[in-house]
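Listing of entry_10.cif, mmCIF, C-alpha atoms and all ligand atoms
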data_protein
loop_
_atom_site.label_atom_id
_atom_site.label_comp_id
_atom_site.auth_asym_id
_atom_site.auth_seq_id
_atom_site.Cartn_x
_atom_site.Cartn_y
_atom_site.Cartn_z
CA MET A 1 203.69 147.56 15.28
CA SER A 2 205.09 146.05 18.47
CA HIS A 3 202.81 144.48 21.09
CA LEU A 4 202.86 145.83 24.64
CA THR A 5 204.45 143.50 27.15
CA GLY A 6 202.83 143.11 30.59
CA ILE A 7 205.35 145.51 32.13
CA GLU A 8 204.77 148.19 29.47
CA ALA A 9 201.01 147.80 29.82
CA ASP A 10 201.31 148.36 33.61
CA ARG A 11 203.47 151.39 33.01
CA LEU A 12 201.01 152.75 30.48
CA GLU A 13 198.17 152.26 32.94
CA ARG A 14 200.10 154.12 35.68
CA LEU A 15 200.97 156.95 33.30
CA SER A 16 197.38 157.22 32.15
CA ALA A 17 196.08 157.24 35.76
CA ALA A 18 198.60 159.95 36.70
CA GLU A 19 197.59 162.06 33.68
CA ASN A 20 193.92 161.68 34.56
CA ASP A 21 194.61 162.71 38.18
CA ARG A 22 196.53 165.76 36.99
CA PHE A 23 193.78 166.63 34.50
CA GLU A 24 191.17 166.42 37.26
CA ALA A 25 193.23 168.42 39.83
CA GLU A 26 193.60 171.27 37.30
CA ARG A 27 189.80 171.56 36.98
CA PRO A 28 188.39 172.48 40.41
CA VAL A 29 185.55 174.60 38.98
CA SER A 30 184.38 171.69 36.82
CA ARG A 31 184.43 169.48 39.92
CA ALA A 32 182.29 172.05 41.81
CA ARG A 33 179.81 172.24 38.89
CA LEU A 34 179.46 168.46 38.98
CA GLU A 35 178.74 168.47 42.72
CA ARG A 36 176.11 171.18 42.27
CA ALA A 37 174.53 169.44 39.27
CA ARG A 38 174.17 166.19 41.22
CA HIS A 39 171.27 167.83 43.13
CA THR A 40 169.16 168.24 40.01
CA MET A 41 170.49 165.76 37.43
CA PRO A 42 171.03 162.02 37.85
CA ARG A 43 174.81 161.36 38.01
CA GLY A 44 175.25 165.15 37.82
CA VAL A 45 175.06 165.36 34.02
CA PRO A 46 172.39 166.37 31.51
CA SER A 47 172.71 163.05 29.60
CA SER A 48 173.64 159.93 31.55
CA TRP A 49 176.48 158.81 29.23
CA MET A 50 178.40 162.06 29.85
CA ASP A 51 179.70 161.04 33.26
CA ASP A 52 181.69 158.04 32.08
CA LEU A 53 182.61 159.01 28.54
CA TYR A 54 186.24 159.55 29.59
CA GLU A 55 188.46 158.31 32.43
CA HIS A 56 188.23 161.73 34.12
CA PRO A 57 185.06 163.43 35.43
CA PRO A 58 183.09 165.58 32.95
CA VAL A 59 184.51 168.95 31.94
CA TRP A 60 181.96 171.77 31.93
CA ILE A 61 182.17 173.87 28.79
CA THR A 62 181.51 177.59 28.47
CA HIS A 63 181.77 178.13 24.71
CA GLY A 64 183.41 177.10 21.45
CA VAL A 65 184.65 178.94 18.36
CA GLY A 66 185.65 177.09 15.20
CA ALA A 67 187.95 174.20 16.16
CA ARG A 68 188.46 175.33 19.78
CA PHE A 69 186.44 175.36 22.98
CA TRP A 70 186.92 176.51 26.58
CA ASP A 71 185.94 175.10 29.98
CA VAL A 72 184.79 176.78 33.22
CA ASP A 73 188.37 176.60 34.58
CA GLY A 74 189.60 178.65 31.63
CA HIS A 75 191.35 175.81 29.76
CA GLU A 76 191.41 176.05 25.99
CA TYR A 77 191.04 172.87 23.90
CA VAL A 78 191.73 172.13 20.26
CA ASP A 79 188.81 169.96 19.25
CA PHE A 80 189.71 167.05 16.97
CA TYR A 81 186.46 165.30 17.79
CA VAL A 82 183.82 168.00 17.08
CA ALA A 83 181.12 166.26 19.12
CA ASP A 84 181.43 162.92 17.35
CA LEU A 85 181.40 164.85 14.04
CA SER A 86 177.93 166.26 14.75
CA ALA A 87 179.52 169.73 14.89
CA PHE A 88 181.50 169.11 11.69
CA CYS A 89 181.31 172.79 10.64
CA GLY A 90 183.10 173.72 13.87
CA HIS A 91 181.65 175.51 16.89
CA GLY A 92 179.39 178.51 16.30
CA PRO A 93 180.04 178.86 12.53
CA PRO A 94 178.90 182.43 11.64
CA PRO A 95 176.61 181.52 8.67
CA VAL A 96 174.80 178.89 10.80
CA VAL A 97 174.52 181.29 13.76
CA ALA A 98 173.06 183.97 11.47
CA ALA A 99 170.55 181.56 9.88
CA VAL A 100 169.40 180.15 13.24
CA ALA A 101 169.15 183.65 14.78
CA GLU A 102 167.05 184.84 11.84
CA ARG A 103 164.79 181.80 12.12
CA MET A 104 164.31 182.33 15.85
CA ARG A 105 163.44 185.98 15.20
CA LEU A 106 160.68 184.80 12.85
CA GLY A 107 159.44 182.13 15.29
CA ASN A 108 160.46 178.50 15.03
CA GLN A 109 157.62 176.25 16.15
CA PHE A 110 154.11 176.35 14.70
CA LEU A 111 153.03 172.68 14.70
CA GLN A 112 152.66 173.16 10.95
CA PRO A 113 155.42 172.78 8.36
CA GLY A 114 157.72 175.73 7.80
CA GLU A 115 158.41 176.33 4.13
CA ASP A 116 162.19 176.11 4.70
CA ALA A 117 161.74 172.34 5.07
CA ILE A 118 161.08 171.98 1.32
CA PRO A 119 164.42 173.27 -0.05
CA VAL A 120 166.24 171.38 2.74
CA ALA A 121 164.54 168.09 1.79
CA GLU A 122 165.21 168.76 -1.91
CA HIS A 123 168.87 169.46 -1.19
CA LEU A 124 169.22 166.28 0.91
CA ALA A 125 167.47 164.19 -1.77
CA GLU A 126 169.86 165.49 -4.42
CA ARG A 127 172.95 165.13 -2.25
CA TYR A 128 172.30 161.62 -0.93
CA GLY A 129 170.16 160.16 -3.74
CA MET A 130 167.39 159.18 -1.30
CA PRO A 131 164.02 160.46 -2.53
CA LYS A 132 162.02 161.05 0.68
CA TRP A 133 163.02 162.82 3.91
CA GLN A 134 161.51 163.31 7.36
CA PHE A 135 162.99 165.32 10.21
CA THR A 136 163.57 164.40 13.85
CA LEU A 137 165.39 166.12 16.68
CA SER A 138 167.85 163.31 17.41
CA ALA A 139 169.39 160.22 15.87
CA THR A 140 167.70 158.17 18.59
CA GLN A 141 164.33 159.36 17.41
CA ALA A 142 165.24 158.83 13.73
CA ASN A 143 166.33 155.26 14.44
CA THR A 144 163.20 154.57 16.50
CA GLU A 145 161.06 155.74 13.59
CA VAL A 146 163.00 153.82 10.95
CA ILE A 147 162.73 150.58 12.95
CA ARG A 148 158.96 151.00 13.17
CA ILE A 149 158.71 151.78 9.44
CA ALA A 150 160.82 148.72 8.56
CA ARG A 151 158.83 146.41 10.83
CA ASN A 152 155.62 147.69 9.33
CA ALA A 153 156.85 147.38 5.73
CA THR A 154 158.38 143.91 6.12
CA GLU A 155 156.02 142.44 8.73
CA ARG A 156 159.17 141.14 10.44
CA GLN A 157 160.38 141.92 13.93
CA VAL A 158 164.13 141.38 14.20
CA VAL A 159 166.58 144.29 14.15
CA LEU A 160 170.13 143.41 13.10
CA VAL A 161 173.04 145.51 14.37
CA PHE A 162 176.83 145.12 14.39
CA GLU A 163 179.12 144.61 17.36
CA GLY A 164 180.59 147.88 18.66
CA LYS A 165 177.62 149.91 17.44
CA TYR A 166 175.83 152.74 19.13
CA HIS A 167 172.55 153.87 17.59
CA GLY A 168 171.29 156.06 20.42
CA HIS A 169 169.02 155.12 23.28
CA VAL A 170 166.84 152.81 21.21
CA ASP A 171 165.68 149.74 23.15
CA ALA A 172 165.88 147.38 20.17
CA THR A 173 169.57 148.17 19.66
CA MET A 174 170.66 147.89 23.30
CA VAL A 175 171.72 144.29 23.15
CA VAL A 176 175.31 143.04 23.15
CA LEU A 177 177.11 139.79 22.42
CA GLU A 178 178.75 138.36 25.54
CA ASP A 179 180.58 135.05 25.16
CA GLY A 180 178.44 134.32 22.11
CA ARG A 181 175.20 135.05 23.99
CA LEU A 182 172.89 138.02 23.43
CA VAL A 183 172.30 139.99 26.61
CA PRO A 184 170.52 143.30 27.34
CA GLU A 185 173.02 146.15 27.54
CA TYR A 186 171.23 148.10 30.31
CA ASP A 187 168.81 147.57 33.16
CA GLY A 188 165.18 148.46 32.58
CA LEU A 189 164.80 147.11 29.03
CA PRO A 190 161.68 145.12 28.13
CA GLY A 191 161.96 141.39 28.92
CA GLY A 192 162.99 139.23 25.96
CA ILE A 193 164.45 142.19 24.06
CA GLU A 194 167.36 139.98 22.98
CA LYS A 195 164.94 137.79 21.00
CA GLN A 196 164.11 140.72 18.72
CA THR A 197 167.69 141.78 18.09
CA ARG A 198 170.59 140.07 16.33
CA VAL A 199 174.18 141.25 16.80
CA VAL A 200 176.78 140.33 14.17
CA PRO A 201 180.56 140.93 14.30
CA TRP A 202 181.60 143.84 12.07
CA ASN A 203 183.27 142.83 8.80
CA ASP A 204 182.08 139.23 9.06
CA ALA A 205 179.98 138.83 5.91
CA ASP A 206 179.52 135.08 6.52
CA ALA A 207 178.04 135.74 9.96
CA LEU A 208 175.80 138.37 8.41
CA GLU A 209 174.55 135.93 5.79
CA ARG A 210 173.81 133.35 8.51
CA ALA A 211 171.95 135.96 10.58
CA LEU A 212 169.83 136.99 7.60
CA ALA A 213 169.12 133.42 6.48
CA PRO A 214 165.99 132.81 8.63
CA GLY A 215 164.28 135.65 6.74
CA ASP A 216 162.95 137.37 9.87
CA VAL A 217 165.15 140.50 9.86
CA ALA A 218 163.19 143.73 9.38
CA LEU A 219 166.26 145.92 8.89
CA VAL A 220 170.04 146.07 9.20
CA LEU A 221 170.95 149.18 11.14
CA THR A 222 174.54 150.31 10.59
CA GLU A 223 176.87 153.22 10.14
CA PRO A 224 179.07 153.27 7.03
CA ALA A 225 182.00 152.79 9.44
CA ILE A 226 181.76 151.86 13.12
CA THR A 227 182.61 155.11 14.88
CA ASN A 228 181.73 154.29 18.46
CA SER A 229 184.46 151.66 18.98
CA GLY A 230 187.37 153.38 17.37
CA PHE A 231 186.96 153.96 13.63
CA LEU A 232 186.41 150.60 11.94
CA LEU A 233 186.10 150.81 8.16
CA PRO A 234 184.23 148.12 6.22
CA GLN A 235 186.51 145.71 4.38
CA PRO A 236 186.58 146.30 0.60
CA GLY A 237 183.61 144.64 -1.07
CA SER A 238 181.70 143.86 2.13
CA THR A 239 179.00 146.48 1.60
CA ARG A 240 178.37 145.12 -1.92
CA ARG A 241 178.10 141.60 -0.50
CA CYS A 242 175.68 142.77 2.23
CA ALA A 243 173.47 144.49 -0.32
CA ALA A 244 173.35 141.28 -2.37
C1 LIG B 1 176.06 156.39 15.17
C2 LIG B 1 175.21 157.08 16.18
N1 LIG B 1 173.88 156.90 16.12
C3 LIG B 1 173.06 157.50 17.03
C4 LIG B 1 173.57 158.32 18.02
C5 LIG B 1 172.61 158.99 19.00
O1 LIG B 1 172.42 160.32 18.65
P1 LIG B 1 171.39 161.25 19.42
O2 LIG B 1 172.10 161.69 20.68
O3 LIG B 1 171.15 162.39 18.48
O4 LIG B 1 170.16 160.49 19.73
C6 LIG B 1 174.95 158.56 18.10
C7 LIG B 1 175.49 159.43 19.15
O5 LIG B 1 176.68 159.45 19.44
C8 LIG B 1 175.79 157.91 17.18
O6 LIG B 1 177.12 158.07 17.22
#

Show me, as structure tokens, the structure contained in the file I just sent.
Ligand SMILES: Cc1ncc(COP(=O)(O)O)c(C=O)c1O
Amino acid sequence: MSHLTGIEADRLERLSAAENDRFEAERPVSRARLERARHTMPRGVPSSWMDDLYEHPPVWITHGVGARFWDVDGHEYVDFYVADLSAFCGHGPPPVVAAVAERMRLGNQFLQPGEDAIPVAEHLAERYGMPKWQFTLSATQANTEVIRIARNATERQVVLVFEGKYHGHVDATMVVLEDGRLVPEYDGLPGGIEKQTRVVPWNDADALERALAPGDVALVLTEPAITNSGFLLPQPGSTRRCAA
């Protein structure tokens, strides 16, 4: 693979800026939706990260079917991303739509367990080989719970994460390495948050061993591959070494 020279990098930047301008100009209805939404939603989006996810302003979506979706300006997209894989069955898959519709017809919130939870937990236990399951409405909430469980079980405080991670809006994970120093990733986090979090470069098993050595880490929070900074696979053998 050849490296980009300074001139090519400039050219690439200009091309990318021109493409983003064109993309934006072709979406006037999306632009109008954003302006309207700014009156009732901070930054004009339902979740704050949506306004700077891409170089262009957010695109407002009307609907999706299978591997395609459409925006308010009538553009059709082929979706290679499927919402960060969270919609991995595609958009509006008929069996899921039918099951959810049937559940809604029967009522879906009773503040008591619904019996459907039992076969789902049994299926997950069998599929993933993990014996016990609890349910949350978001990964943020799941990670918040698991950190508390780990701190309670280990009587340790420190949460270890890898560079390039994203684990949701969980305070304990919102710390980044900057010039070798740990700094809070956002404003408004509790003071001293960086003392309870350790950030280790991905695929650096030696650094991981050093970070675990003090014996104060409650849990290592990771994805099997880092998916929020490209798609970084673990080097062969590194997961075995971590487990050891
Ligand atoms: C690896 C990972 N963990 C957690 C989250 C947060 O998920 P949620 O929005 O369900 O809280 C995301 C969202 O992109 C993610 O990619």

| message | Please find the residues contacting ligand LIG 1 (chain B) at a distance of at most 8 Å between atoms, with only C-alpha atoms and all ligand atoms counted, and report them as an MDAnalysis selection string. | response | chainID A and resid 84 137:143 165:169 222:223 226:228

Write out as a ChimeraX atom specification each polymer residue whose atoms come within 12 Å of A:Val159, counting all atoms listed in the file; drop sequence neighbours fewer than 6 positions from it.
/A:143-144,146-151,167,170-175,193-200,211-212,215-222

Pairwise distance, atom CA of A:Val59 with atom CA of A:Ser30, equals 5.6 Å

Item to check | Nearest residue to A:Asp204 from the set A:Gly237, A:Pro184, A:Pro190, A:Gly230 (distances using all atoms listed in the file) | outcome: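 Checking each of A:Gly237, A:Pro184, A:Pro190, A:Gly230 against A:Asp204, counting all atoms listed in the file, the winner is A:Gly237.
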
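The shell of residues at most 9 Å from stretch 34-37 of chain A, with only C-alpha atoms counted and near chain neighbours (fewer than 3 positions) removed, consists of Val29, Ser30, Arg31, Thr40, Met41, Pro42, Arg43, Gly44, Val45, Pro46, Pro57, Pro58, Val59 and Trp60 of chain A.
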
Let's have the selection written as a tab-separated table (two decimals), in the coordinates of the input, with C-alpha atoms.
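Full text of out19.tsv as output:
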chain	number	residue	atom	x	y	z
A	29	VAL	CA	185.55	174.60	38.98
A	30	SER	CA	184.38	171.69	36.82
A	31	ARG	CA	184.43	169.48	39.92
A	40	THR	CA	169.16	168.24	40.01
A	41	MET	CA	170.49	165.76	37.43
A	42	PRO	CA	171.03	162.02	37.85
A	43	ARG	CA	174.81	161.36	38.01
A	44	GLY	CA	175.25	165.15	37.82
A	45	VAL	CA	175.06	165.36	34.02
A	46	PRO	CA	172.39	166.37	31.51
A	57	PRO	CA	185.06	163.43	35.43
A	58	PRO	CA	183.09	165.58	32.95
A	59	VAL	CA	184.51	168.95	31.94
A	60	TRP	CA	181.96	171.77	31.93

Build an axis-aligned box that encloses every atom of stretch 79-92 of chain A listed in the file, pad it by 6 Å on each side, and report its centre and edge lengths in Å to one decimal, as lines of an AutoDock Vina configuration file.
center_x = 183.8
center_y = 170.7
center_z = 14.9
size_x = 23.8
size_y = 27.6
size_z = 20.6

Separation of atom CA of A:Val72 from atom CA of A:Ala98, in Å and rounded to one decimal
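These atoms are spaced 25.7 Å apart.
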
(Q) When you look at A:Thr62 with a cut-off of 10 Å (counting all atoms listed in the file), what residues show up, excluding the ones that are within fewer than 3 positions of it in the same chain? I need them as number ranges by chain. (A) A: 59, 69-74

With distances taken over only C-alpha atoms, the candidate from A:Pro28, A:Gly64, A:Pro214, A:Gly90 nearest A:Gln157 is A:Pro214

(message) Just to confirm, what's the straight-line distance from atom CA of A:His56 to atom CA of A:Ala17 in Å (one decimal)?
(response)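 Those two atoms sit 9.2 Å apart.
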
- request: Tell me which of A:Phe23, A:Phe80, A:Tyr128, A:Trp202 sits closest to A:Glu163, counting all atoms listed in the file.
  value: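 Distance minimum relative to A:Glu163 lands on A:Trp202.
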
Shell around A:Trp133 at 9 Å using all atoms listed in the file, local window under 2 positions removed, as a PyMOL selection string: chain A and resi 121-122+124-125+130-131+135

> Which of these, A:Pro236, A:Arg156, A:Val65, A:Pro201, has the shortest distance to A:Glu178 once you count all atoms listed in the file?
Replying inline: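 Result for the nearest residue to A:Glu178: A:Pro201.
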